[in-house]
$ cat final_39.cif   # mmCIF, C-alpha atoms
data_final
loop_
_atom_site.label_atom_id
_atom_site.label_comp_id
_atom_site.auth_asym_id
_atom_site.auth_seq_id
_atom_site.Cartn_x
_atom_site.Cartn_y
_atom_site.Cartn_z
CA MET A 1 2.71 -14.76 24.14
CA MET A 2 3.92 -17.79 22.22
CA SER A 3 4.07 -21.21 23.89
CA LYS A 4 7.34 -22.06 25.65
CA ARG A 5 7.12 -25.55 24.17
CA SER A 6 7.44 -24.02 20.71
CA PHE A 7 10.32 -21.70 21.64
CA SER A 8 13.77 -23.23 21.14
CA ILE A 9 16.93 -21.98 22.88
CA LEU A 10 20.57 -22.91 22.27
CA VAL A 11 22.90 -22.25 25.23
CA VAL A 12 26.55 -21.74 24.22
CA ASP A 13 29.21 -21.64 26.95
CA ASP A 14 32.58 -23.33 27.34
CA GLU A 15 32.03 -23.64 31.13
CA GLN A 16 30.14 -26.89 31.72
CA LEU A 17 28.71 -25.84 35.11
CA GLN A 18 27.22 -22.65 33.66
CA ARG A 19 25.86 -24.61 30.70
CA ASP A 20 24.25 -27.24 32.91
CA VAL A 21 22.67 -24.67 35.27
CA LEU A 22 21.11 -22.64 32.44
CA THR A 23 20.01 -25.68 30.45
CA GLY A 24 18.41 -27.30 33.49
CA TYR A 25 16.59 -24.12 34.53
CA LEU A 26 15.25 -23.40 31.05
CA ARG A 27 14.02 -26.97 30.62
CA LYS A 28 12.14 -26.69 33.91
CA GLN A 29 10.49 -23.60 32.45
CA ARG A 30 9.34 -25.90 29.58
CA TYR A 31 11.52 -24.37 26.86
CA VAL A 32 13.03 -26.56 24.14
CA VAL A 33 16.75 -26.38 24.98
CA SER A 34 19.98 -27.63 23.45
CA HIS A 35 23.57 -26.70 24.36
CA ALA A 36 27.04 -26.36 22.87
CA ALA A 37 30.53 -25.95 24.35
CA SER A 38 31.92 -23.82 21.50
CA ALA A 39 30.94 -21.57 18.64
CA ALA A 40 31.86 -24.26 16.12
CA GLU A 41 29.60 -26.80 17.84
CA ALA A 42 26.79 -24.21 17.99
CA LEU A 43 26.99 -23.55 14.23
CA THR A 44 26.80 -27.30 13.59
CA LEU A 45 23.61 -27.52 15.68
CA LEU A 46 22.11 -24.45 13.99
CA ALA A 47 22.58 -26.07 10.61
CA LYS A 48 20.62 -29.14 11.76
CA GLU A 49 17.66 -27.67 13.65
CA HIS A 50 15.56 -24.51 13.86
CA THR A 51 16.53 -22.27 16.78
CA ASP A 52 14.66 -19.19 18.00
CA LEU A 53 17.31 -17.89 20.39
CA VAL A 54 21.04 -18.39 20.94
CA LEU A 55 22.18 -17.49 24.47
CA THR A 56 25.96 -17.26 24.17
CA ASP A 57 28.96 -16.40 26.30
CA MET A 58 31.34 -13.83 24.83
CA ASN A 59 34.71 -15.16 25.95
CA MET A 60 35.29 -18.67 24.60
CA PRO A 61 38.33 -20.46 23.15
CA GLY A 62 38.38 -20.67 19.34
CA LYS A 63 35.69 -18.48 17.86
CA THR A 64 34.47 -15.86 20.32
CA GLY A 65 30.86 -15.14 21.10
CA HIS A 66 31.12 -11.99 18.98
CA GLU A 67 32.30 -14.02 15.97
CA LEU A 68 29.44 -16.47 16.56
CA LEU A 69 27.01 -13.54 16.65
CA VAL A 70 28.28 -12.23 13.30
CA ALA A 71 27.98 -15.71 11.74
CA ILE A 72 24.39 -16.11 13.04
CA ARG A 73 23.28 -12.68 11.79
CA SER A 74 24.69 -13.59 8.37
CA GLY A 75 23.50 -17.18 8.07
CA TYR A 76 20.42 -17.33 10.32
CA PRO A 77 18.85 -13.84 10.34
CA GLU A 78 15.60 -15.04 11.97
CA THR A 79 17.48 -16.39 15.01
CA ASP A 80 17.86 -13.91 17.88
CA VAL A 81 21.06 -13.69 19.92
CA VAL A 82 21.47 -12.67 23.56
CA VAL A 83 25.07 -12.39 24.81
CA MET A 84 26.24 -13.18 28.33
CA THR A 85 28.99 -10.88 29.60
CA ALA A 86 31.03 -10.87 32.75
CA PHE A 87 30.73 -7.87 35.07
CA GLY A 88 32.96 -5.02 33.87
CA THR A 89 32.87 -5.89 30.16
CA ILE A 90 29.89 -3.76 29.17
CA GLU A 91 31.85 -2.38 26.21
CA HIS A 92 31.74 -5.88 24.73
CA ALA A 93 27.98 -5.95 25.19
CA VAL A 94 27.61 -2.59 23.45
CA ALA A 95 29.70 -3.88 20.53
CA ALA A 96 27.50 -6.97 20.36
CA MET A 97 24.33 -4.86 20.27
CA ARG A 98 25.79 -2.86 17.39
CA ALA A 99 26.53 -6.13 15.59
CA GLY A 100 22.90 -7.20 15.85
CA ALA A 101 22.41 -8.87 19.25
CA TYR A 102 18.89 -8.56 20.66
CA ASP A 103 20.16 -7.84 24.18
CA PHE A 104 22.80 -8.76 26.75
CA ILE A 105 22.73 -10.11 30.28
CA SER A 106 25.47 -9.91 32.89
CA LYS A 107 27.07 -12.86 34.67
CA PRO A 108 26.37 -14.26 37.14
CA ILE A 109 22.94 -14.71 35.56
CA ASP A 110 20.00 -13.43 37.58
CA LEU A 111 17.18 -15.85 36.71
CA ASP A 112 14.39 -13.31 37.27
CA THR A 113 16.13 -10.93 34.86
CA LEU A 114 16.51 -13.78 32.38
CA ASP A 115 12.78 -14.59 32.62
CA LEU A 116 11.83 -10.97 31.91
CA LEU A 117 14.20 -10.83 28.95
CA LEU A 118 12.80 -14.04 27.46
CA GLY A 119 9.25 -12.78 27.94
CA ARG A 120 10.02 -9.56 26.08
CA LEU A 121 11.73 -11.49 23.32
CA GLN A 122 8.76 -13.82 22.82
CA GLU A 123 6.32 -10.88 22.71
CA ARG A 124 8.53 -9.22 20.11
CA ARG A 125 8.65 -12.37 17.98
CA VAL A 126 4.84 -12.62 18.09
CA LEU A 127 4.55 -8.98 16.94
CA VAL A 128 7.10 -9.53 14.18
CA SER A 129 5.21 -12.62 13.04
CA GLU A 130 1.85 -10.80 13.10
CA ASN A 131 3.33 -7.85 11.20
CA LYS A 132 4.73 -10.24 8.61
CA VAL A 133 1.30 -11.83 8.13
CA LEU A 134 -0.36 -8.40 7.91
CA ARG A 135 2.22 -7.23 5.37
CA GLU A 136 1.64 -10.36 3.30
CA GLN A 137 -2.11 -9.74 3.45
CA LEU A 138 -1.60 -6.12 2.41
CA ALA A 139 0.69 -7.18 -0.42
CA GLU A 140 -1.98 -9.63 -1.62
CA ARG A 141 -4.81 -7.09 -1.28
CA PHE A 142 -2.91 -4.35 -3.09
CA SER A 143 -1.28 -6.53 -5.73
CA PHE A 144 -2.02 -5.92 -9.39
CA ASP A 145 -3.87 -9.24 -9.40
CA GLY A 146 -6.07 -7.92 -6.57
CA ILE A 147 -7.31 -4.92 -8.56
CA ILE A 148 -10.79 -5.61 -9.93
CA SER A 149 -10.84 -4.83 -13.66
CA GLN A 150 -11.42 -6.45 -17.03
CA SER A 151 -11.56 -3.42 -19.34
CA ALA A 152 -8.87 -2.99 -21.97
CA GLY A 153 -8.08 0.55 -20.82
CA MET A 154 -7.52 -0.46 -17.22
CA GLN A 155 -5.47 -3.51 -18.20
CA GLN A 156 -3.11 -1.20 -20.07
CA VAL A 157 -2.82 0.96 -16.95
CA LEU A 158 -1.94 -2.08 -14.83
CA GLN A 159 0.64 -3.30 -17.34
CA THR A 160 2.38 0.09 -17.32
CA ALA A 161 2.34 0.25 -13.52
CA ALA A 162 3.69 -3.30 -13.21
CA ARG A 163 6.61 -2.52 -15.52
CA VAL A 164 7.59 0.62 -13.63
CA ALA A 165 7.31 -1.12 -10.23
CA ALA A 166 10.65 -2.89 -10.78
CA THR A 167 12.45 0.48 -10.98
CA ARG A 168 12.86 3.34 -8.53
CA ALA A 169 11.61 5.94 -11.04
CA PRO A 170 9.09 8.52 -9.80
CA VAL A 171 5.54 7.90 -11.01
CA LEU A 172 2.74 10.40 -11.65
CA VAL A 173 -0.73 8.86 -11.39
CA ARG A 174 -3.45 10.97 -13.00
CA GLY A 175 -7.19 10.55 -12.98
CA GLU A 176 -10.47 11.89 -11.65
CA SER A 177 -11.30 11.68 -7.96
CA GLY A 178 -12.38 8.20 -6.95
CA THR A 179 -10.68 6.32 -9.80
CA GLY A 180 -8.25 4.49 -7.49
CA LYS A 181 -5.01 6.48 -7.73
CA GLU A 182 -3.80 5.44 -4.26
CA LEU A 183 -4.71 1.82 -5.02
CA ILE A 184 -2.38 1.92 -8.04
CA ALA A 185 0.35 3.57 -5.95
CA ARG A 186 0.13 0.86 -3.30
CA ALA A 187 0.21 -1.85 -5.98
CA VAL A 188 3.40 -0.34 -7.42
CA HIS A 189 4.93 -0.29 -3.92
CA PHE A 190 4.06 -3.88 -3.07
CA ALA A 191 5.29 -5.11 -6.46
CA SER A 192 8.66 -3.39 -5.99
CA ASP A 193 11.78 -4.37 -4.08
CA ARG A 194 10.69 -1.80 -1.47
CA LYS A 195 7.65 -3.86 -0.44
CA ASN A 196 9.14 -4.60 3.00
CA GLY A 197 9.69 -0.88 3.58
CA PRO A 198 7.04 1.62 4.67
CA PHE A 199 4.31 3.05 2.44
CA ILE A 200 3.54 6.57 3.67
CA SER A 201 0.67 8.63 2.27
CA VAL A 202 0.10 12.40 2.44
CA ASN A 203 -2.93 14.30 1.12
CA CYS A 204 -1.33 17.59 0.05
CA ALA A 205 -4.69 19.31 -0.46
CA ALA A 206 -5.74 18.76 3.16
CA LEU A 207 -2.98 20.94 4.69
CA ASN A 208 -1.97 24.57 4.34
CA GLU A 209 1.58 25.47 3.25
CA ASN A 210 3.18 25.61 6.72
CA LEU A 211 1.54 22.45 8.00
CA LEU A 212 2.40 20.57 4.79
CA GLU A 213 6.10 21.49 4.99
CA SER A 214 6.21 20.32 8.61
CA GLU A 215 4.34 17.16 7.65
CA LEU A 216 6.71 16.36 4.78
CA PHE A 217 10.07 17.43 6.20
CA GLY A 218 9.51 17.44 9.97
CA HIS A 219 10.48 20.27 12.30
CA GLU A 220 12.85 21.09 15.13
CA LYS A 221 11.75 22.05 18.62
CA GLY A 222 10.84 25.75 18.69
CA ALA A 223 10.70 26.06 14.89
CA PHE A 224 7.32 27.78 15.20
CA THR A 225 4.64 28.44 17.79
CA GLY A 226 3.42 25.11 19.10
CA ALA A 227 6.52 23.14 18.04
CA GLU A 228 7.22 21.83 21.53
CA LYS A 229 9.44 18.96 20.43
CA GLN A 230 11.30 17.67 17.40
CA ARG A 231 9.15 15.82 14.88
CA ARG A 232 10.20 13.52 12.06
CA GLY A 233 8.55 14.22 8.70
CA ARG A 234 7.01 11.83 6.21
CA PHE A 235 10.19 11.70 4.12
CA GLU A 236 12.12 10.37 7.13
CA LEU A 237 9.35 7.92 7.99
CA ALA A 238 9.30 6.64 4.38
CA ASP A 239 13.08 6.03 4.24
CA GLY A 240 13.68 2.76 2.42
CA GLY A 241 10.10 2.70 1.14
CA THR A 242 7.58 4.76 -0.84
CA LEU A 243 6.04 8.18 -0.23
CA PHE A 244 2.67 8.78 -1.91
CA LEU A 245 1.87 12.47 -2.45
CA ASP A 246 -1.82 12.75 -3.28
CA GLU A 247 -3.19 15.92 -4.92
CA ILE A 248 0.30 17.16 -5.77
CA GLY A 249 -1.22 19.90 -7.93
CA ASP A 250 -2.32 21.78 -4.79
CA ILE A 251 1.09 22.45 -3.21
CA SER A 252 2.46 25.99 -2.93
CA ALA A 253 5.36 27.40 -4.95
CA ALA A 254 7.69 27.34 -1.91
CA THR A 255 6.91 23.70 -1.15
CA GLN A 256 7.45 22.86 -4.82
CA VAL A 257 11.01 24.20 -4.57
CA ARG A 258 11.80 22.07 -1.49
CA LEU A 259 10.21 19.02 -3.04
CA LEU A 260 12.25 19.46 -6.23
CA ARG A 261 15.45 19.44 -4.19
CA VAL A 262 14.53 16.20 -2.43
CA LEU A 263 13.78 14.54 -5.76
CA GLN A 264 17.08 15.73 -7.22
CA GLU A 265 19.40 15.16 -4.27
CA GLN A 266 17.47 12.96 -1.79
CA THR A 267 18.41 15.46 0.93
CA PHE A 268 16.50 18.05 2.99
CA GLU A 269 16.46 19.89 6.33
CA ARG A 270 13.70 19.86 8.90
CA VAL A 271 11.73 23.09 9.28
CA GLY A 272 13.78 25.32 11.60
CA GLY A 273 16.82 23.03 11.38
CA SER A 274 20.25 23.19 9.74
CA GLU A 275 21.21 19.50 9.71
CA THR A 276 21.05 18.01 6.20
CA LEU A 277 19.30 14.64 6.21
CA ARG A 278 19.65 12.03 3.47
CA VAL A 279 16.88 9.56 2.64
CA ASP A 280 16.22 6.79 0.15
CA VAL A 281 12.58 7.32 -0.84
CA ARG A 282 10.62 6.55 -3.98
CA VAL A 283 8.00 9.22 -4.69
CA ILE A 284 4.67 8.45 -6.33
CA ALA A 285 2.51 11.52 -6.89
CA ALA A 286 -1.13 11.78 -7.92
CA THR A 287 -3.45 14.51 -9.12
CA HIS A 288 -6.84 15.05 -10.74
CA LYS A 289 -5.70 18.39 -12.14
CA ASN A 290 -4.23 19.19 -15.54
CA LEU A 291 -0.66 20.04 -14.55
CA GLU A 292 0.27 21.18 -18.06
CA SER A 293 -2.40 23.90 -17.76
CA ALA A 294 -1.14 24.79 -14.29
CA ILE A 295 2.38 25.18 -15.73
CA ALA A 296 1.05 27.46 -18.46
CA ASP A 297 -0.72 29.54 -15.77
CA GLY A 298 2.48 29.77 -13.71
CA LYS A 299 1.02 27.76 -10.81
CA PHE A 300 3.21 24.66 -11.12
CA ARG A 301 6.94 24.38 -11.79
CA GLU A 302 7.80 22.79 -15.11
CA ASP A 303 11.06 21.27 -13.76
CA LEU A 304 9.16 19.64 -10.88
CA PHE A 305 6.57 18.30 -13.31
CA TYR A 306 9.25 16.55 -15.36
CA ARG A 307 10.85 15.15 -12.20
CA LEU A 308 7.54 13.68 -11.08
CA ASN A 309 6.35 12.65 -14.53
CA VAL A 310 9.15 10.20 -15.38
CA VAL A 311 6.43 7.59 -15.87
CA ALA A 312 2.80 8.70 -16.22
CA VAL A 313 -0.10 6.40 -15.37
CA ASP A 314 -3.43 7.79 -16.55
CA ILE A 315 -6.47 6.06 -15.03
CA PRO A 316 -9.61 6.36 -17.18
CA PRO A 317 -12.86 7.31 -15.41
CA LEU A 318 -15.33 4.51 -14.76
CA ARG A 319 -17.79 5.77 -17.39
CA GLU A 320 -15.09 5.11 -20.02
CA ARG A 321 -14.49 1.55 -18.88
CA ARG A 322 -18.01 0.29 -18.48
CA ASP A 323 -16.82 -3.32 -18.74
CA ASP A 324 -15.63 -2.92 -15.13
CA ILE A 325 -18.95 -1.75 -13.66
CA GLN A 326 -20.61 -5.16 -13.42
CA ILE A 327 -17.63 -6.96 -11.87
CA LEU A 328 -17.13 -4.09 -9.40
CA LEU A 329 -20.79 -4.27 -8.40
CA ASP A 330 -20.43 -8.02 -7.86
CA HIS A 331 -17.21 -7.56 -5.89
CA PHE A 332 -18.53 -4.90 -3.52
CA LEU A 333 -21.85 -6.71 -3.05
CA ARG A 334 -20.01 -9.86 -1.91
CA ARG A 335 -17.70 -7.83 0.31
CA PHE A 336 -20.35 -5.79 2.11
CA ALA A 337 -22.88 -8.62 2.26
CA GLY A 338 -20.25 -10.67 4.07
CA GLU A 339 -19.23 -7.75 6.28
CA TYR A 340 -22.83 -7.09 7.37
CA LYS A 341 -23.75 -10.79 7.51
CA ARG A 342 -26.23 -10.55 4.60
CA LYS A 343 -24.68 -13.29 2.47
CA CYS A 344 -27.81 -14.16 0.44
CA LEU A 345 -28.27 -10.62 -0.92
CA THR A 346 -28.74 -9.95 -4.61
CA PHE A 347 -29.87 -7.02 -6.78
CA SER A 348 -33.28 -6.99 -8.40
CA LYS A 349 -33.31 -6.91 -12.20
CA GLU A 350 -34.46 -3.27 -12.24
CA ALA A 351 -31.86 -2.13 -9.68
CA TRP A 352 -29.11 -3.99 -11.53
CA GLU A 353 -30.04 -2.35 -14.84
CA GLN A 354 -29.95 1.11 -13.31
CA LEU A 355 -26.62 0.47 -11.58
CA VAL A 356 -25.06 -0.83 -14.80
CA ARG A 357 -26.28 2.14 -16.88
CA TYR A 358 -25.28 4.86 -14.38
CA ASP A 359 -22.23 7.00 -15.30
CA TYR A 360 -20.71 7.24 -11.76
CA PRO A 361 -19.28 10.80 -11.75
CA GLY A 362 -17.60 9.84 -8.45
CA ASN A 363 -16.07 6.77 -10.12
CA VAL A 364 -15.20 3.60 -8.19
CA ARG A 365 -15.46 5.34 -4.83
CA GLU A 366 -19.06 6.37 -5.59
CA LEU A 367 -19.93 2.87 -6.80
CA GLU A 368 -18.52 1.38 -3.60
CA ASN A 369 -20.48 3.81 -1.43
CA ILE A 370 -23.73 3.12 -3.33
CA VAL A 371 -23.37 -0.64 -2.86
CA GLN A 372 -22.50 -0.30 0.84
CA ARG A 373 -25.48 1.98 1.46
CA SER A 374 -27.81 -0.34 -0.45
CA VAL A 375 -26.67 -3.37 1.56
CA ILE A 376 -27.26 -1.51 4.83
CA LEU A 377 -30.72 -0.18 3.91
CA SER A 378 -32.12 -3.16 2.04
CA ARG A 379 -34.78 -5.40 3.58
CA GLY A 380 -35.03 -9.05 2.74
CA GLU A 381 -32.68 -10.78 0.32
CA ILE A 382 -33.19 -8.52 -2.72
CA ILE A 383 -31.86 -4.98 -3.15
CA ALA A 384 -34.64 -3.10 -4.94
CA VAL A 385 -34.61 0.17 -6.87
CA GLU A 386 -36.06 1.84 -3.78
CA ASP A 387 -32.90 0.90 -1.83
CA LEU A 388 -30.71 2.89 -4.23
CA PRO A 389 -29.85 6.56 -3.50
CA ALA A 390 -32.59 8.99 -4.55
CA SER A 391 -30.13 10.97 -6.66
CA LEU A 392 -29.31 7.86 -8.71
CA ARG A 393 -33.00 6.99 -9.17
CA THR A 394 -33.68 10.51 -10.42
CA VAL A 395 -30.80 10.49 -12.86
CA MET A 396 -31.78 7.11 -14.24
CA LYS A 397 -35.38 7.97 -15.14
CA GLU A 398 -35.71 7.57 -18.89
CA PRO A 399 -36.31 10.96 -20.53
CA THR A 400 -39.00 11.23 -23.18
CA ARG A 401 -37.28 11.12 -26.54
CA GLU A 402 -37.79 14.38 -28.40
CA ILE A 403 -37.05 13.72 -32.03
CA GLY A 404 -37.99 17.26 -33.06
CA THR A 405 -39.32 18.60 -36.30
CA GLY A 406 -38.20 17.97 -39.83
CA ASN A 407 -38.89 15.56 -42.61
CA LEU A 408 -39.05 11.81 -42.03
CA GLU A 409 -35.48 11.18 -43.16
CA GLU A 410 -34.05 13.78 -40.72
CA GLN A 411 -36.11 12.45 -37.81
CA VAL A 412 -35.04 8.85 -38.52
CA GLU A 413 -31.40 9.93 -38.61
CA LYS A 414 -31.72 11.72 -35.25
CA LEU A 415 -33.29 8.62 -33.72
CA GLU A 416 -30.54 6.49 -35.28
CA GLN A 417 -27.88 8.76 -33.73
CA GLN A 418 -29.47 8.47 -30.30
CA ILE A 419 -29.57 4.67 -30.51
CA ILE A 420 -25.95 4.39 -31.68
CA PHE A 421 -24.61 6.90 -29.15
CA ASP A 422 -26.50 5.13 -26.32
CA ALA A 423 -25.03 1.81 -27.44
CA LEU A 424 -21.51 3.25 -27.56
CA ARG A 425 -21.91 4.70 -24.07
CA THR A 426 -23.17 1.37 -22.70
CA ALA A 427 -20.31 -0.48 -24.44
CA GLY A 428 -17.68 1.90 -23.09
CA ASN A 429 -16.99 3.26 -26.61
CA ASN A 430 -16.16 -0.24 -27.83
CA GLN A 431 -17.45 -0.08 -31.42
CA SER A 432 -17.53 -3.85 -31.96
CA LYS A 433 -19.69 -4.39 -28.87
CA ALA A 434 -21.95 -1.44 -29.67
CA ALA A 435 -22.55 -2.72 -33.22
CA GLU A 436 -23.32 -6.21 -31.95
CA GLN A 437 -25.69 -4.80 -29.31
CA ILE A 438 -27.90 -2.99 -31.84
CA GLY A 439 -27.61 -5.61 -34.58
CA ILE A 440 -25.53 -3.88 -37.25
CA SER A 441 -22.08 -4.56 -38.61
CA GLU A 442 -19.08 -2.73 -37.20
CA ARG A 443 -18.33 -1.49 -40.72
CA THR A 444 -21.78 0.12 -40.92
CA LEU A 445 -21.34 1.74 -37.52
CA ARG A 446 -17.95 3.18 -38.52
CA TYR A 447 -19.43 4.50 -41.76
CA LYS A 448 -22.24 6.31 -39.91
CA LEU A 449 -19.84 7.81 -37.35
CA LYS A 450 -17.63 9.08 -40.15
CA LYS A 451 -20.67 10.51 -41.92
CA TRP A 452 -21.64 12.42 -38.76
CA GLY A 453 -18.07 13.66 -38.25
CA VAL A 454 -17.60 11.68 -35.01
CA LYS A 455 -14.08 10.45 -34.22
#
$ encode --input "final_39.cif" --output "structure tokens"
Amino acid sequence: MMSKRSFSILVVDDEQLQRDVLTGYLRKQRYVVSHAASAAEALTLLAKEHTDLVLTDMNMPGKTGHELLVAIRSGYPETDVVVMTAFGTIEHAVAAMRAGAYDFISKPIDLDTLDLLLGRLQERRVLVSENKVLREQLAERFSFDGIISQSAGMQQVLQTAARVAATRAPVLVRGESGTGKELIARAVHFASDRKNGPFISVNCAALNENLLESELFGHEKGAFTGAEKQRRGRFELADGGTLFLDEIGDISAATQVRLLRVLQEQTFERVGGSETLRVDVRVIAATHKNLESAIADGKFREDLFYRLNVVAVDIPPLRERRDDIQILLDHFLRRFAGEYKRKCLTFSKEAWEQLVRYDYPGNVRELENIVQRSVILSRGEIIAVEDLPASLRTVMKEPTREIGTGNLEEQVEKLEQQIIFDALRTAGNNQSKAAEQIGISERTLRYKLKKWGVK
């Protein structure tokens, strides 16, 4: 609970005796207290000093307590309001709650009740403050600036995602497993005007058709066996925010129809229900599948595809953006070394070379797991080749070059191809870097690729 000395209260009541009693009691409880005899005087004080809570009477000459409440909610949204109502005027209290009051308390004021109310209010303010800090930390972590990348391909992805974030257009994020599709989706959310709303994620591949429909749209009590009470779906929970549908290519034909309707009309019914619900949700979908092929095979609706694919963000696999491998290795080493209190850790030269040359079929997720495992299993301050996964060590053993048979000119050309293709792979298909790496001009490299019929 926050300190009473840092919690400020403004008591507003036209009756001086009531004002003096409340002010005196609250000061004895070590709150910071000021008082006003009218709504106009209260607004003057609010303009001069920060106030956490206004405790106001409802019936006052001039502006009423209800009018003061409306003015505070408009001009000082972070200030809470508790209204004091005489016995028998509960309808006024209900109206005040609808207008944004935190709570009400009946006159004559019971001090024990007032203490409990103030305690609840302070706990709530602490939670709100903590949630605000957590949301700011999440926004920073999942910002576009927080995504670790320096490759040209990934920078283009981030630029596209940043431009679409300012709109409410649906986004389809495509890429292999482990490339960071949800990371991009969260970055779009936190860069949008929906950042203060919820970000809800659903893995469509993890649920069968019936469970997925219930998960997305909710269900009514008795809708199916085991539905013992009403449940809100992810669309309802994401109202005002973003819904991330991962592995959208795995949903059934029936679910595709319901999803299409939500995207078109922003309305749906819970499973087993008849009430039409309206939501304001931005949908970001992701898949590692080729949806165009699925459409051709009759497994995915073409109209749904075009609804989802208003803006496409295609994330290249890690092997095609090798410029990112080194900085990702550095990033995850610092992160896990700090997490496991191994801050002086570093990779040996041999381990580093193998990690940099590996193709990472599992993409960034695999790289992260390899680094975490190596940090855990390493001894001393250097991560050696022996600390790397056995599968990676096996893959990275240099094969014996088999040039084959043929005359000298043919064998030299085969060796030349191997060297150039290895350089291109290491340079992430960047021809300038590959040429520089093996000591030839880019023009010569392009000529040889053209000669070999390589695009």
$ resolve_selection --input "final_39.cif" --expression "the PyMOL selection byres ((chain A and resi 250-263) around 7)" --output "ChimeraX atom specification"
/A:204-205,209,213,247-249,264-268,304
$ closest_residue --input "final_39.cif" --among "A:Thr85, A:Leu111, A:Leu46, A:Asp103" --to "Leu68 (chain A)" --atoms "all atoms listed in the file"
A:Leu46
$ residues_near_point --input "final_39.cif" --point "(25.3, -12.8, 31.8)" --cutoff "8 Å" --atoms "only C-alpha atoms" --output "list in words"
Asp57, Val83, Met84, Thr85, Ala86, Phe104, Ile105, Ser106, Lys107, Pro108, Ile109 and Asp110 of chain A
$ closest_residue --input "final_39.cif" --among "A:Ile184, A:Leu172, A:Leu243, A:Ile148" --to "His288 (chain A)" --atoms "only C-alpha atoms"
A:Leu172
$ residues_around --input "final_39.cif" --residues "Gly100 (chain A)" --least-positions-apart "4" --cutoff "8 Å" --atoms "all atoms listed in the file" --output "ChimeraX atom specification"
/A:69-70,73,81,96
$ closest_residue --input "final_39.cif" --among "A:Thr64, A:Leu10, A:Gly362, A:Ala93" --to "Thr79 (chain A)" --atoms "all atoms listed in the file"
A:Leu10
$ resolve_selection --input "final_39.cif" --expression "the PyMOL selection byres ((chain A and resi 332) around 10)" --output "MDAnalysis selection string"
chainID A and resid 327:331 333:338 367:372 375
$ closest_residue --input "final_39.cif" --among "A:Lys433, A:Lys299, A:Lys448, A:Arg443" --to "Lys414 (chain A)" --atoms "all atoms listed in the file"
A:Lys448
$ residues_around --input "final_39.cif" --residues "Ile419 (chain A)" --least-positions-apart "5" --cutoff "12 Å" --atoms "only C-alpha atoms" --output "MDAnalysis selection string"
chainID A and resid 401 403 412:414 424:426 434:435 437:440 445
$ residues_near_point --input "final_39.cif" --point "(4.8, 22.4, 16.8)" --cutoff "12 Å" --atoms "all atoms listed in the file" --output "number ranges by chain"
A: 210-211, 213-215, 218-232, 271-272
$ write_last_selection --input "final_39.cif" --atoms "C-alpha atoms" --output "compact mmCIF listing (two decimals), keeping the file's coordinate frame"
# COMPACT_ATOMS: atom_id res chain seq x y z
CA ASN A 210 3.18 25.61 6.72
CA LEU A 211 1.54 22.45 8.00
CA GLU A 213 6.10 21.49 4.99
CA SER A 214 6.21 20.32 8.61
CA GLU A 215 4.34 17.16 7.65
CA GLY A 218 9.51 17.44 9.97
CA HIS A 219 10.48 20.27 12.30
CA GLU A 220 12.85 21.09 15.13
CA LYS A 221 11.75 22.05 18.62
CA GLY A 222 10.84 25.75 18.69
CA ALA A 223 10.70 26.06 14.89
CA PHE A 224 7.32 27.78 15.20
CA THR A 225 4.64 28.44 17.79
CA GLY A 226 3.42 25.11 19.10
CA ALA A 227 6.52 23.14 18.04
CA GLU A 228 7.22 21.83 21.53
CA LYS A 229 9.44 18.96 20.43
CA GLN A 230 11.30 17.67 17.40
CA ARG A 231 9.15 15.82 14.88
CA ARG A 232 10.20 13.52 12.06
CA VAL A 271 11.73 23.09 9.28
CA GLY A 272 13.78 25.32 11.60
$ resolve_selection --input "final_39.cif" --expression "the PyMOL selection byres ((chain A and resi 15) around 10)" --output "PyMOL selection string"
chain A and resi 12-14+16-20+37-38+57+60
$ atom_distance --input "final_39.cif" --atom1 "CA of Lys195 (chain A)" --atom2 "CA of Thr242 (chain A)"
8.6 Å
$ atom_distance --input "final_39.cif" --atom1 "CA of Thr287 (chain A)" --atom2 "CA of Asp193 (chain A)"
24.8 Å
$ closest_residue --input "final_39.cif" --among "A:Asp323, A:Glu269, A:Asp239, A:Glu176" --to "Arg365 (chain A)" --atoms "all atoms listed in the file"
A:Glu176
$ atom_distance --input "final_39.cif" --atom1 "CA of Gly197 (chain A)" --atom2 "CA of Val279 (chain A)"
12.7 Å
$ residues_around --input "final_39.cif" --residues "Val385 (chain A)" --least-positions-apart "6" --cutoff "10 Å" --atoms "only C-alpha atoms" --output "list of chain:residue names"
A:Phe347, A:Ser348, A:Lys349, A:Glu350, A:Ala351, A:Trp352, A:Glu353, A:Gln354, A:Leu355, A:Ser374, A:Ser378, A:Leu392, A:Arg393
$ closest_residue --input "final_39.cif" --among "A:Tyr102, A:Val21, A:Gly75, A:Ala39" --to "Leu53 (chain A)" --atoms "all atoms listed in the file"
A:Tyr102
$ residues_around --input "final_39.cif" --residues "Glu381 (chain A)" --least-positions-apart "5" --cutoff "9 Å" --atoms "only C-alpha atoms" --output "ChimeraX atom specification"
/A:342-347
